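K.L.:
Structure file coords20.txt (compact mmCIF, C-alpha atoms and all ligand atoms) right here:
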```txt
# COMPACT_ATOMS: atom_id res chain seq x y z
CA MET F 17 251.84 263.41 61.76
CA ARG F 18 254.90 263.86 59.49
CA LEU F 19 255.01 267.00 57.32
CA ALA F 20 254.77 264.88 54.13
CA ASP F 21 251.62 263.14 55.46
CA GLN F 22 250.19 266.50 56.49
CA LYS F 23 250.63 267.80 52.90
CA GLU F 24 249.10 264.65 51.44
CA HIS F 25 246.05 264.88 53.73
CA ALA F 26 245.66 268.58 52.96
CA GLU F 27 245.56 267.73 49.22
CA ARG F 28 242.96 265.04 49.86
CA TYR F 29 240.65 267.52 51.61
CA SER F 30 241.01 270.09 48.87
CA ALA F 31 239.41 267.56 46.47
CA LEU F 32 236.24 267.25 48.59
CA PRO F 33 233.04 269.10 47.63
CA TYR F 34 232.93 272.54 49.27
CA VAL F 35 230.05 271.70 51.64
CA LEU F 36 232.31 269.16 53.35
CA LYS F 37 235.20 271.62 53.65
CA ASN F 38 233.40 274.68 54.93
CA SER F 39 230.09 273.55 56.42
CA ALA F 40 227.36 275.98 57.41
CA LEU F 41 226.10 276.44 60.96
CA GLU F 42 222.48 275.75 60.00
CA LYS F 43 221.36 277.23 56.76
CA GLY F 44 224.02 277.96 54.20
CA MET F 45 222.99 278.94 50.68
CA HIS F 46 221.77 275.59 49.31
CA PHE F 47 219.54 272.80 50.60
CA TRP F 48 222.50 270.40 50.78
CA ASP F 49 224.29 272.79 53.16
CA ARG F 50 221.77 271.79 55.84
CA TRP F 51 222.64 268.11 55.42
CA ALA F 52 226.33 268.83 56.11
CA SER F 53 225.71 271.54 58.70
CA PHE F 54 226.98 271.79 62.26
CA ASN F 55 223.34 271.81 63.36
CA THR F 56 222.79 268.37 61.80
CA ALA F 57 225.92 267.04 63.51
CA PHE F 58 225.27 268.49 66.97
CA ARG F 59 221.53 269.04 67.47
CA ARG F 60 221.27 265.69 69.29
CA VAL F 61 223.60 266.93 72.04
CA LEU F 62 221.60 270.06 72.84
CA PRO F 63 219.82 270.27 76.21
CA GLU F 64 216.23 268.98 76.22
CA GLY F 65 213.83 271.37 74.54
CA GLU F 66 216.53 273.10 72.47
CA LYS F 67 215.89 272.57 68.77
CA SER F 68 218.57 274.61 67.08
CA LEU F 69 222.31 274.89 67.62
CA ARG F 70 222.36 278.55 66.67
CA ALA F 71 219.47 279.46 68.99
CA TYR F 72 221.08 277.54 71.88
CA ILE F 73 224.49 279.15 71.50
CA ASP F 74 223.06 282.53 70.65
CA ILE F 75 225.02 285.22 72.37
CA GLU F 76 221.82 286.59 73.96
CA LYS F 77 221.21 283.21 75.56
CA THR F 78 223.83 280.64 76.54
CA LEU F 79 226.74 282.99 75.98
CA SER F 80 224.90 285.98 77.43
CA ASP F 81 227.09 288.92 78.55
CA ARG F 82 229.73 287.87 75.98
CA SER F 83 228.21 289.81 73.09
CA GLY F 84 230.97 291.66 71.25
CA LYS F 85 233.61 289.96 73.44
CA ALA F 86 233.14 286.29 72.50
CA VAL F 87 235.97 284.25 70.98
CA GLY F 88 235.32 281.19 68.78
CA LEU F 89 237.51 278.45 67.33
CA GLU F 90 236.88 275.63 64.90
CA PHE F 91 239.45 272.82 65.03
CA GLY F 92 239.71 270.87 61.76
CA GLY F 93 238.18 273.36 59.36
CA ILE F 94 238.58 276.88 57.99
CA GLY F 95 235.49 278.02 59.96
CA SER F 96 234.48 280.73 57.46
CA ALA F 97 230.90 279.58 56.89
CA VAL F 98 230.05 278.41 60.41
CA PHE F 99 230.97 281.67 62.16
CA ALA F 100 229.43 283.82 59.41
CA GLU F 101 225.92 282.69 60.44
CA PHE F 102 226.04 284.14 63.96
CA THR F 103 224.66 287.57 64.84
CA PRO F 104 227.07 290.13 63.32
CA HIS F 105 229.66 291.50 65.77
CA CYS F 106 228.79 289.08 68.60
CA PHE F 107 232.29 287.62 68.27
CA LYS F 108 235.33 289.75 68.94
CA LYS F 109 237.37 287.28 66.90
CA THR F 110 237.12 283.76 65.49
CA ALA F 111 239.53 281.35 63.80
CA GLY F 112 239.50 278.09 61.91
CA ILE F 113 242.37 275.62 62.32
CA ALA F 114 243.08 273.48 59.26
CA LEU F 115 246.01 271.67 57.68
CA SER F 116 245.91 274.23 54.92
CA ASP F 117 244.12 277.50 54.24
CA ILE F 118 242.16 276.54 51.13
CA ARG F 119 240.09 279.74 50.90
CA ASN F 120 241.79 281.11 47.78
CA ARG F 121 241.13 277.80 45.99
CA MET F 122 237.37 277.91 46.64
CA ARG F 123 234.79 278.87 44.01
CA SER F 124 233.99 281.94 46.02
CA ASP F 125 236.93 283.02 48.21
CA PRO F 126 235.51 284.13 51.61
CA THR F 127 238.75 285.83 52.80
CA MET F 128 237.49 289.41 52.40
CA GLN F 129 234.29 288.80 54.36
CA ASP F 130 236.35 286.89 56.94
CA ASP F 131 238.66 289.88 57.40
CA GLU F 132 235.66 292.14 57.96
CA ARG F 133 234.38 289.81 60.69
CA ASN F 134 237.86 289.42 62.22
CA HIS F 135 238.00 285.74 61.26
CA SER F 136 241.40 284.16 60.62
CA VAL F 137 242.59 280.77 59.43
CA ILE F 138 245.53 279.28 61.32
CA GLU F 139 247.33 276.49 59.48
CA GLY F 140 248.54 273.59 61.60
CA ASN F 141 248.11 270.07 62.84
CA ILE F 142 245.99 269.59 65.98
CA PHE F 143 248.54 267.06 67.26
CA SER F 144 251.54 269.39 66.98
CA GLU F 145 252.84 271.57 69.80
CA GLU F 146 253.75 274.45 67.40
CA LEU F 147 250.08 274.91 66.56
CA TYR F 148 249.27 275.60 70.20
CA ASP F 149 252.01 278.25 70.35
CA ASP F 150 250.41 279.94 67.32
CA ILE F 151 246.96 279.77 68.95
CA ALA F 152 248.36 281.22 72.21
CA ASP F 153 249.79 284.17 70.21
CA TRP F 154 246.45 284.66 68.47
CA LEU F 155 244.53 284.47 71.79
CA GLY F 156 246.74 286.78 73.84
CA LYS F 157 244.98 287.09 77.22
CA ASP F 158 241.61 285.90 75.88
CA LYS F 159 239.88 282.64 76.68
CA VAL F 160 237.66 280.77 74.19
CA ASP F 161 233.88 280.82 74.55
CA LEU F 162 233.00 278.38 71.78
CA ILE F 163 234.93 275.46 70.27
CA PHE F 164 233.77 273.27 67.40
CA GLU F 165 235.40 270.17 65.95
CA LYS F 166 233.60 268.44 63.08
CA MET F 167 236.34 266.96 60.96
CA ILE F 168 234.16 264.35 59.17
CA LEU F 169 236.67 262.42 57.07
CA GLY F 170 239.32 264.41 58.91
CA THR F 171 238.85 262.06 61.84
CA LYS F 172 240.54 259.41 59.66
CA THR F 173 243.79 261.27 60.32
CA VAL F 174 243.18 261.15 64.06
CA PRO F 175 245.10 258.33 65.70
CA ILE F 176 242.53 255.99 67.26
CA GLU F 177 244.54 256.22 70.39
CA PRO F 178 242.61 257.42 73.43
CA TYR F 179 245.65 259.02 75.14
CA ALA F 180 246.57 261.19 72.12
CA VAL F 181 242.94 262.28 71.70
CA GLY F 182 242.58 262.93 75.46
CA LYS F 183 245.71 265.09 75.42
CA VAL F 184 244.38 267.25 72.59
CA LEU F 185 240.94 267.61 74.19
CA SER F 186 242.62 268.66 77.46
CA LYS F 187 244.37 271.49 75.61
CA TRP F 188 241.06 272.67 74.16
CA TYR F 189 239.33 272.42 77.56
CA ALA F 190 242.08 274.52 79.20
CA MET F 191 241.41 277.32 76.67
CA LEU F 192 237.68 277.49 77.53
CA SER F 193 236.26 280.38 79.54
CA ASP F 194 233.76 279.97 82.41
CA ASN F 195 230.50 278.81 80.76
CA GLY F 196 232.50 278.04 77.59
CA LEU F 197 231.09 275.46 75.21
CA MET F 198 232.78 272.69 73.23
CA PHE F 199 231.07 270.62 70.49
CA VAL F 200 233.17 267.64 69.44
CA GLU F 201 232.73 264.89 66.86
CA ILE F 202 234.23 261.72 68.37
CA PRO F 203 236.63 259.72 66.16
CA SER F 204 234.93 256.41 65.34
CA GLY F 205 236.26 253.56 67.44
CA LEU F 206 236.48 255.68 70.59
CA GLU F 207 232.74 255.69 71.42
CA PRO F 208 233.02 253.19 74.34
CA VAL F 209 235.76 255.27 75.98
CA PHE F 210 233.73 258.50 75.66
CA ARG F 211 230.55 256.82 76.95
CA GLU F 212 232.41 255.74 80.10
CA TRP F 213 234.04 259.18 80.40
CA LYS F 214 230.61 260.86 80.30
CA THR F 215 229.41 258.59 83.12
CA MET F 216 232.49 259.52 85.17
CA ILE F 217 231.87 263.27 84.61
CA ASP F 218 228.18 262.93 85.56
CA THR F 219 229.08 261.06 88.73
CA GLN F 220 231.99 263.16 89.93
CA TYR F 221 231.63 266.64 88.33
CA LYS F 222 227.93 267.10 87.64
CA ASP F 223 227.79 270.57 89.26
CA THR F 224 230.71 272.01 87.31
CA ILE F 225 230.89 270.20 83.96
CA GLU F 226 227.88 269.50 81.78
CA VAL F 227 228.38 266.77 79.19
CA GLN F 228 225.81 265.52 76.73
CA TYR F 229 226.70 262.54 74.54
CA SER F 230 225.01 261.17 71.42
CA GLU F 231 225.63 258.07 69.36
CA TYR F 232 226.26 260.30 66.28
CA PRO F 233 228.99 260.11 67.86
CA ALA F 234 229.51 263.54 69.35
CA PHE F 235 229.43 265.37 72.66
CA ARG F 236 228.74 268.83 74.02
CA LEU F 237 230.70 270.03 77.05
CA ARG F 238 229.92 273.15 79.06
CA LYS F 239 232.56 274.28 81.54
CA LEU F 240 230.66 275.85 84.42
CA PRO F 241 232.16 278.24 87.02
CA GLY F 242 234.18 276.22 89.56
CA ALA F 243 235.09 273.50 87.04
CA PRO F 244 238.54 271.92 87.49
CA ALA F 245 241.31 273.73 85.60
CA GLU F 246 242.36 270.48 83.93
CA MET F 247 239.96 268.28 82.04
CA PRO F 248 239.15 265.15 84.07
CA LEU F 249 240.03 262.04 82.04
CA LEU F 250 239.45 258.35 82.72
CA PRO F 251 242.23 256.56 84.62
CA ALA F 252 244.62 254.68 82.30
CA ARG F 253 243.51 251.28 83.67
CA SER F 254 239.84 251.97 82.75
CA VAL F 255 240.85 253.00 79.22
CA ARG F 256 242.92 249.81 78.89
CA ALA F 257 240.04 247.66 80.14
CA ILE F 258 237.56 249.25 77.69
CA SER F 259 240.01 248.93 74.79
CA LYS F 260 240.47 245.20 75.55
CA GLN F 261 236.70 244.60 75.49
CA LYS F 262 236.34 245.90 71.91
C1 LIG G 301 236.27 267.08 55.70
S1 LIG G 301 237.02 268.61 56.14
C2 LIG G 301 235.82 269.21 57.31
C3 LIG G 301 235.84 270.72 57.38
C4 LIG G 301 234.82 271.36 58.32
N1 LIG G 301 235.07 270.97 59.69
C5 LIG G 301 233.42 271.05 57.94
O1 LIG G 301 232.73 270.38 58.73
O2 LIG G 301 233.00 271.45 56.87
C6 LIG G 301 238.37 268.08 57.18
C7 LIG G 301 239.19 269.23 57.69
O3 LIG G 301 240.00 268.73 58.74
C8 LIG G 301 241.27 269.31 58.61
N2 LIG G 301 242.20 268.39 59.27
C9 LIG G 301 242.36 267.05 59.07
N3 LIG G 301 243.31 266.54 59.89
C10 LIG G 301 243.75 267.59 60.63
C11 LIG G 301 244.74 267.73 61.63
N4 LIG G 301 245.44 266.68 62.06
N5 LIG G 301 244.95 268.97 62.16
C12 LIG G 301 244.23 270.05 61.73
N6 LIG G 301 243.27 269.97 60.79
C13 LIG G 301 243.04 268.76 60.25
C14 LIG G 301 241.52 269.46 57.12
O4 LIG G 301 242.50 270.45 56.86
C15 LIG G 301 240.11 269.86 56.67
O5 LIG G 301 239.98 271.26 56.77
```
Before anything else, please render the file you have as structure tokens.
Ligand SMILES: C[S@@+](CC[C@H](N)C(=O)[O-])C[C@H]1O[C@@H](n2cnc3c(N)ncnc32)[C@H](O)[C@@H]1O

P.N.:
Amino acid sequence: MRLADQKEHAERYSALPYVLKNSALEKGMHFWDRWASFNTAFRRVLPEGEKSLRAYIDIEKTLSDRSGKAVGLEFGGIGSAVFAEFTPHCFKKTAGIALSDIRNRMRSDPTMQDDERNHSVIEGNIFSEELYDDIADWLGKDKVDLIFEKMILGTKTVPIEPYAVGKVLSKWYAMLSDNGLMFVEIPSGLEPVFREWKTMIDTQYKDTIEVQYSEYPAFRLRKLPGAPAEMPLLPARSVRAISKQK
């Protein structure tokens, strides 16, 4: 994305209502927060029997033994509200990645509370290499335990180009720790490719990568110990064949 386009998109997002810019994990402060929440977006990709995103991720449960050491990232959002709803101090640090840090333009600026929780906002474009240098500096030697991406209208800026999206997801996957979790909203138009990808993972990597897919469309990925270092993607010829069928 060119810098001028990046600025224009950033302006467009700053005009959205706050619930769509800084969504809650589950509750938020108002009833409409639940409608826009991460729980609403991702509860369909939780393992059978799990009813709540927060309870499933909870540091005492899925991310057990990471309490106080966990690292979380939201791609495509400032992440202030979503990480604020977890048990205090379970994360060592968290960050939101957005085109622009809009916190000081919000009705109630969350920067002070974010600083107390060791939450930062990193400005950048998920398709640019510089952003990943900034994230590497922020991470140091740490790996990431939890990744969210719920860009909503933000996915309109995502090129509907399976290779570009696959490349970005591979970068996120490489950052994940053993047992790390990734919750991703799929850009519309790419559902057939992701459906086929899920089948490939289930067939070839079912003991080391857990993927749950929903027609929302979204998926949950859990990188189990022994998972390949690089994210397995569909061969180019399969992607071409699926794209031709559309
Ligand atoms: C509609 S808001 C959603 C915010 C948040 N994820 C939520 O669910 O409340 C879209 C967000 O995506 C970010 N965004 C859009 N395109 C992006 C890109 N290419 N790289 C990084 N962030 C992007 C915008 O800066 C904005 O914060």

K.L.:
Around ligand LIG 301 (chain G), with edges along x, y and z and 4 Å added on all six sides, what centre and edge lengths do you get, in Å to one decimal, as AutoDock Vina command-line options?

P.N.:
```
--center_x 239.1 --center_y 269.0 --center_z 58.9 --size_x 20.7 --size_y 12.9 --size_z 14.5
```

K.L.:
Quick one: residues within 10 Å of region 133-137 of chain F, all atoms listed in the file counted, chain neighbours fewer than 5 positions away excluded, as a list of chain:residue names?

P.N.:
F:Gly88, F:Leu89, F:Glu90, F:Gly93, F:Ile94, F:Gly95, F:Ser96, F:Phe99, F:Ala100, F:Pro104, F:His105, F:Cys106, F:Phe107, F:Lys108, F:Lys109, F:Thr110, F:Ala111, F:Gly112, F:Ile113, F:Ala114, F:Leu115, F:Ser116, F:Asp117, F:Ile118, F:Arg119, F:Thr127, F:Met128, F:Trp154

K.L.:
Point out the residue among F:Tyr189, F:Phe91, F:Tyr148, F:Trp48 with the least atom-to-atom distance to ligand LIG 301 (chain G), counting all atoms listed in the file.

P.N.:
F:Phe91

K.L.:
Choose the residue, out of F:Thr56, F:Asn141, F:Ser124, F:Gln129, that has the smallest atom-to-atom separation from ligand LIG 301 (chain G); count only C-alpha atoms and all ligand atoms.

P.N.:
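Going through F:Thr56, F:Asn141, F:Ser124, F:Gln129 one by one, the smallest distance to ligand LIG 301 (chain G) is for F:Asn141.
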
K.L.:
Mind pulling up the distance from atom C3 of ligand LIG 301 (chain G) to CA of Gly196 (chain F)?

P.N.:
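We find that CA of Gly196 (chain F) and atom C3 of ligand LIG 301 (chain G) lie 21.8 Å from each other.
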
K.L.:
List every protein, DNA or RNA residue with an atom no more than 12 Å from (239.2, 264.1, 76.2) in the file's coordinates, counting all atoms listed in the file, and format the result as a PyMOL selection string.

P.N.:
chain F and resi 177-190+198-203+206-207+209-214+217+227+234-237+246-251+255

K.L.:
Kindly give the distance, in Å, that separates CA of Ser204 (chain F) and CA of Arg50 (chain F), rounded to a single decimal.

P.N.:
22.4 Å

K.L.:
Mind pulling up the distance from CA of Val98 (chain F) to CA of Arg82 (chain F)?

P.N.:
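If I compute the distance from CA of Arg82 (chain F) to CA of Val98 (chain F), I get 18.2 Å.
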
K.L.:
Determine the nearest neighbour of ligand LIG 301 (chain G) from the options F:Glu145, F:Asp74, F:Glu66, F:Asp194, counting all atoms listed in the file.

P.N.:
F:Glu145

K.L.:
Which of these, F:Ala57, F:Ile73, F:Val87, F:Lys67, has the shortest distance to Asp161 (chain F) once you count all atoms listed in the file?

P.N.:
F:Val87

K.L.:
Looking at F:Val61, F:Ile151, F:Leu41, F:Ala71, which one is nearest to Pro233 (chain F), with distances taken over all atoms listed in the file?

P.N.:
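The closest residue to Pro233 (chain F) is F:Val61.
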
K.L.:
With distances taken over all atoms listed in the file, which of F:Asp131, F:Leu162, F:Ser230, F:Glu146 is nearest to Thr78 (chain F)?

P.N.:
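Looking at the shortest contact to Thr78 (chain F), the residue is F:Leu162.
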
K.L.:
Which polymer residues have any atom within 7 Å of an atom of Ser53 (chain F), counting only C-alpha atoms, with same-chain residues fewer than 6 positions away left out, as a VMD selection string?

P.N.:
chain F and resid 39 to 42

K.L.:
Got a sec to write region 53-144 of chain F of the block to a file, C-alpha atoms, as a PDB file, in the first residue's frame?

P.N.:
```pdb
ATOM      1  CA  SER F  53     -16.819  -8.138  20.216  1.00  0.00           C
ATOM      2  CA  PHE F  54     -14.057 -10.612  19.437  1.00  0.00           C
ATOM      3  CA  ASN F  55     -16.205 -13.253  21.141  1.00  0.00           C
ATOM      4  CA  THR F  56     -18.997 -12.692  18.602  1.00  0.00           C
ATOM      5  CA  ALA F  57     -16.509 -12.955  15.736  1.00  0.00           C
ATOM      6  CA  PHE F  58     -14.644 -16.033  16.943  1.00  0.00           C
ATOM      7  CA  ARG F  59     -16.898 -18.114  19.217  1.00  0.00           C
ATOM      8  CA  ARG F  60     -17.811 -20.359  16.254  1.00  0.00           C
ATOM      9  CA  VAL F  61     -14.186 -21.475  15.892  1.00  0.00           C
ATOM     10  CA  LEU F  62     -13.783 -22.601  19.500  1.00  0.00           C
ATOM     11  CA  PRO F  63     -13.374 -26.330  20.208  1.00  0.00           C
ATOM     12  CA  GLU F  64     -16.635 -28.205  20.872  1.00  0.00           C
ATOM     13  CA  GLY F  65     -18.064 -27.476  24.293  1.00  0.00           C
ATOM     14  CA  GLU F  66     -16.234 -24.138  24.669  1.00  0.00           C
ATOM     15  CA  LYS F  67     -18.732 -21.299  24.912  1.00  0.00           C
ATOM     16  CA  SER F  68     -16.596 -18.256  25.523  1.00  0.00           C
ATOM     17  CA  LEU F  69     -13.454 -16.946  23.864  1.00  0.00           C
ATOM     18  CA  ARG F  70     -12.124 -15.513  27.105  1.00  0.00           C
ATOM     19  CA  ALA F  71     -12.699 -18.728  29.067  1.00  0.00           C
ATOM     20  CA  TYR F  72     -11.051 -20.811  26.324  1.00  0.00           C
ATOM     21  CA  ILE F  73      -7.951 -18.640  26.065  1.00  0.00           C
ATOM     22  CA  ASP F  74      -7.791 -18.022  29.782  1.00  0.00           C
ATOM     23  CA  ILE F  75      -4.248 -18.182  30.959  1.00  0.00           C
ATOM     24  CA  GLU F  76      -5.183 -20.830  33.561  1.00  0.00           C
ATOM     25  CA  LYS F  77      -6.482 -23.052  30.774  1.00  0.00           C
ATOM     26  CA  THR F  78      -5.309 -23.100  27.158  1.00  0.00           C
ATOM     27  CA  LEU F  79      -2.309 -20.883  27.815  1.00  0.00           C
ATOM     28  CA  SER F  80      -1.548 -22.530  31.154  1.00  0.00           C
ATOM     29  CA  ASP F  81       2.005 -22.022  32.496  1.00  0.00           C
ATOM     30  CA  ARG F  82       2.217 -18.727  30.554  1.00  0.00           C
ATOM     31  CA  SER F  83       0.647 -16.595  33.278  1.00  0.00           C
ATOM     32  CA  GLY F  84       2.679 -13.413  33.704  1.00  0.00           C
ATOM     33  CA  LYS F  85       4.852 -14.375  30.709  1.00  0.00           C
ATOM     34  CA  ALA F  86       2.314 -14.361  27.867  1.00  0.00           C
ATOM     35  CA  VAL F  87       2.690 -12.050  24.862  1.00  0.00           C
ATOM     36  CA  GLY F  88      -0.303 -10.927  22.772  1.00  0.00           C
ATOM     37  CA  LEU F  89      -0.692  -9.087  19.470  1.00  0.00           C
ATOM     38  CA  GLU F  90      -3.673  -7.707  17.601  1.00  0.00           C
ATOM     39  CA  PHE F  91      -3.056  -7.080  13.892  1.00  0.00           C
ATOM     40  CA  GLY F  92      -5.362  -4.421  12.423  1.00  0.00           C
ATOM     41  CA  GLY F  93      -6.449  -2.642  15.577  1.00  0.00           C
ATOM     42  CA  ILE F  94      -5.129  -0.703  18.559  1.00  0.00           C
ATOM     43  CA  GLY F  95      -5.920  -3.665  20.861  1.00  0.00           C
ATOM     44  CA  SER F  96      -6.565  -1.524  23.961  1.00  0.00           C
ATOM     45  CA  ALA F  97     -10.027  -2.873  24.790  1.00  0.00           C
ATOM     46  CA  VAL F  98      -9.522  -6.519  23.835  1.00  0.00           C
ATOM     47  CA  PHE F  99      -6.449  -7.092  26.022  1.00  0.00           C
ATOM     48  CA  ALA F 100      -7.877  -5.064  28.917  1.00  0.00           C
ATOM     49  CA  GLU F 101     -10.502  -7.765  29.567  1.00  0.00           C
ATOM     50  CA  PHE F 102      -8.042 -10.555  30.394  1.00  0.00           C
ATOM     51  CA  THR F 103      -6.995 -11.409  33.953  1.00  0.00           C
ATOM     52  CA  PRO F 104      -4.726  -8.560  35.126  1.00  0.00           C
ATOM     53  CA  HIS F 105      -0.985  -9.275  34.775  1.00  0.00           C
ATOM     54  CA  CYS F 106      -1.430 -12.530  32.832  1.00  0.00           C
ATOM     55  CA  PHE F 107       0.287 -10.854  29.875  1.00  0.00           C
ATOM     56  CA  LYS F 108       3.870  -9.689  30.144  1.00  0.00           C
ATOM     57  CA  LYS F 109       3.215  -7.357  27.217  1.00  0.00           C
ATOM     58  CA  THR F 110       0.674  -6.810  24.443  1.00  0.00           C
ATOM     59  CA  ALA F 111       0.490  -4.608  21.354  1.00  0.00           C
ATOM     60  CA  GLY F 112      -2.000  -3.496  18.748  1.00  0.00           C
ATOM     61  CA  ILE F 113      -0.872  -2.921  15.159  1.00  0.00           C
ATOM     62  CA  ALA F 114      -2.832  -0.268  13.266  1.00  0.00           C
ATOM     63  CA  LEU F 115      -2.302   2.177  10.424  1.00  0.00           C
ATOM     64  CA  SER F 116      -2.465   4.950  12.974  1.00  0.00           C
ATOM     65  CA  ASP F 117      -2.551   5.233  16.752  1.00  0.00           C
ATOM     66  CA  ILE F 118      -5.946   6.877  17.210  1.00  0.00           C
ATOM     67  CA  ARG F 119      -6.052   6.638  21.021  1.00  0.00           C
ATOM     68  CA  ASN F 120      -5.641  10.362  21.688  1.00  0.00           C
ATOM     69  CA  ARG F 121      -8.568  11.088  19.336  1.00  0.00           C
ATOM     70  CA  MET F 122     -10.963   8.802  21.220  1.00  0.00           C
ATOM     71  CA  ARG F 123     -13.667  10.049  23.587  1.00  0.00           C
ATOM     72  CA  SER F 124     -11.823   8.416  26.434  1.00  0.00           C
ATOM     73  CA  ASP F 125      -8.100   8.043  25.693  1.00  0.00           C
ATOM     74  CA  PRO F 126      -6.986   4.596  26.993  1.00  0.00           C
ATOM     75  CA  THR F 127      -3.216   5.335  26.742  1.00  0.00           C
ATOM     76  CA  MET F 128      -2.624   5.676  30.495  1.00  0.00           C
ATOM     77  CA  GLN F 129      -4.337   2.384  31.347  1.00  0.00           C
ATOM     78  CA  ASP F 130      -2.495   0.779  28.416  1.00  0.00           C
ATOM     79  CA  ASP F 131       0.856   1.936  29.808  1.00  0.00           C
ATOM     80  CA  GLU F 132      -0.006   0.419  33.188  1.00  0.00           C
ATOM     81  CA  ARG F 133      -0.752  -2.927  31.516  1.00  0.00           C
ATOM     82  CA  ASN F 134       2.357  -2.710  29.309  1.00  0.00           C
ATOM     83  CA  HIS F 135       0.241  -2.407  26.163  1.00  0.00           C
ATOM     84  CA  SER F 136       1.686  -0.524  23.181  1.00  0.00           C
ATOM     85  CA  VAL F 137       0.372   0.521  19.794  1.00  0.00           C
ATOM     86  CA  ILE F 138       2.721   0.001  16.858  1.00  0.00           C
ATOM     87  CA  GLU F 139       1.838   1.993  13.749  1.00  0.00           C
ATOM     88  CA  GLY F 140       2.366   0.240  10.434  1.00  0.00           C
ATOM     89  CA  ASN F 141       0.952  -1.602   7.481  1.00  0.00           C
ATOM     90  CA  ILE F 142       0.672  -5.392   7.783  1.00  0.00           C
ATOM     91  CA  PHE F 143       1.953  -5.735   4.204  1.00  0.00           C
ATOM     92  CA  SER F 144       5.138  -3.732   4.766  1.00  0.00           C
TER      93      SER F 144
END
```
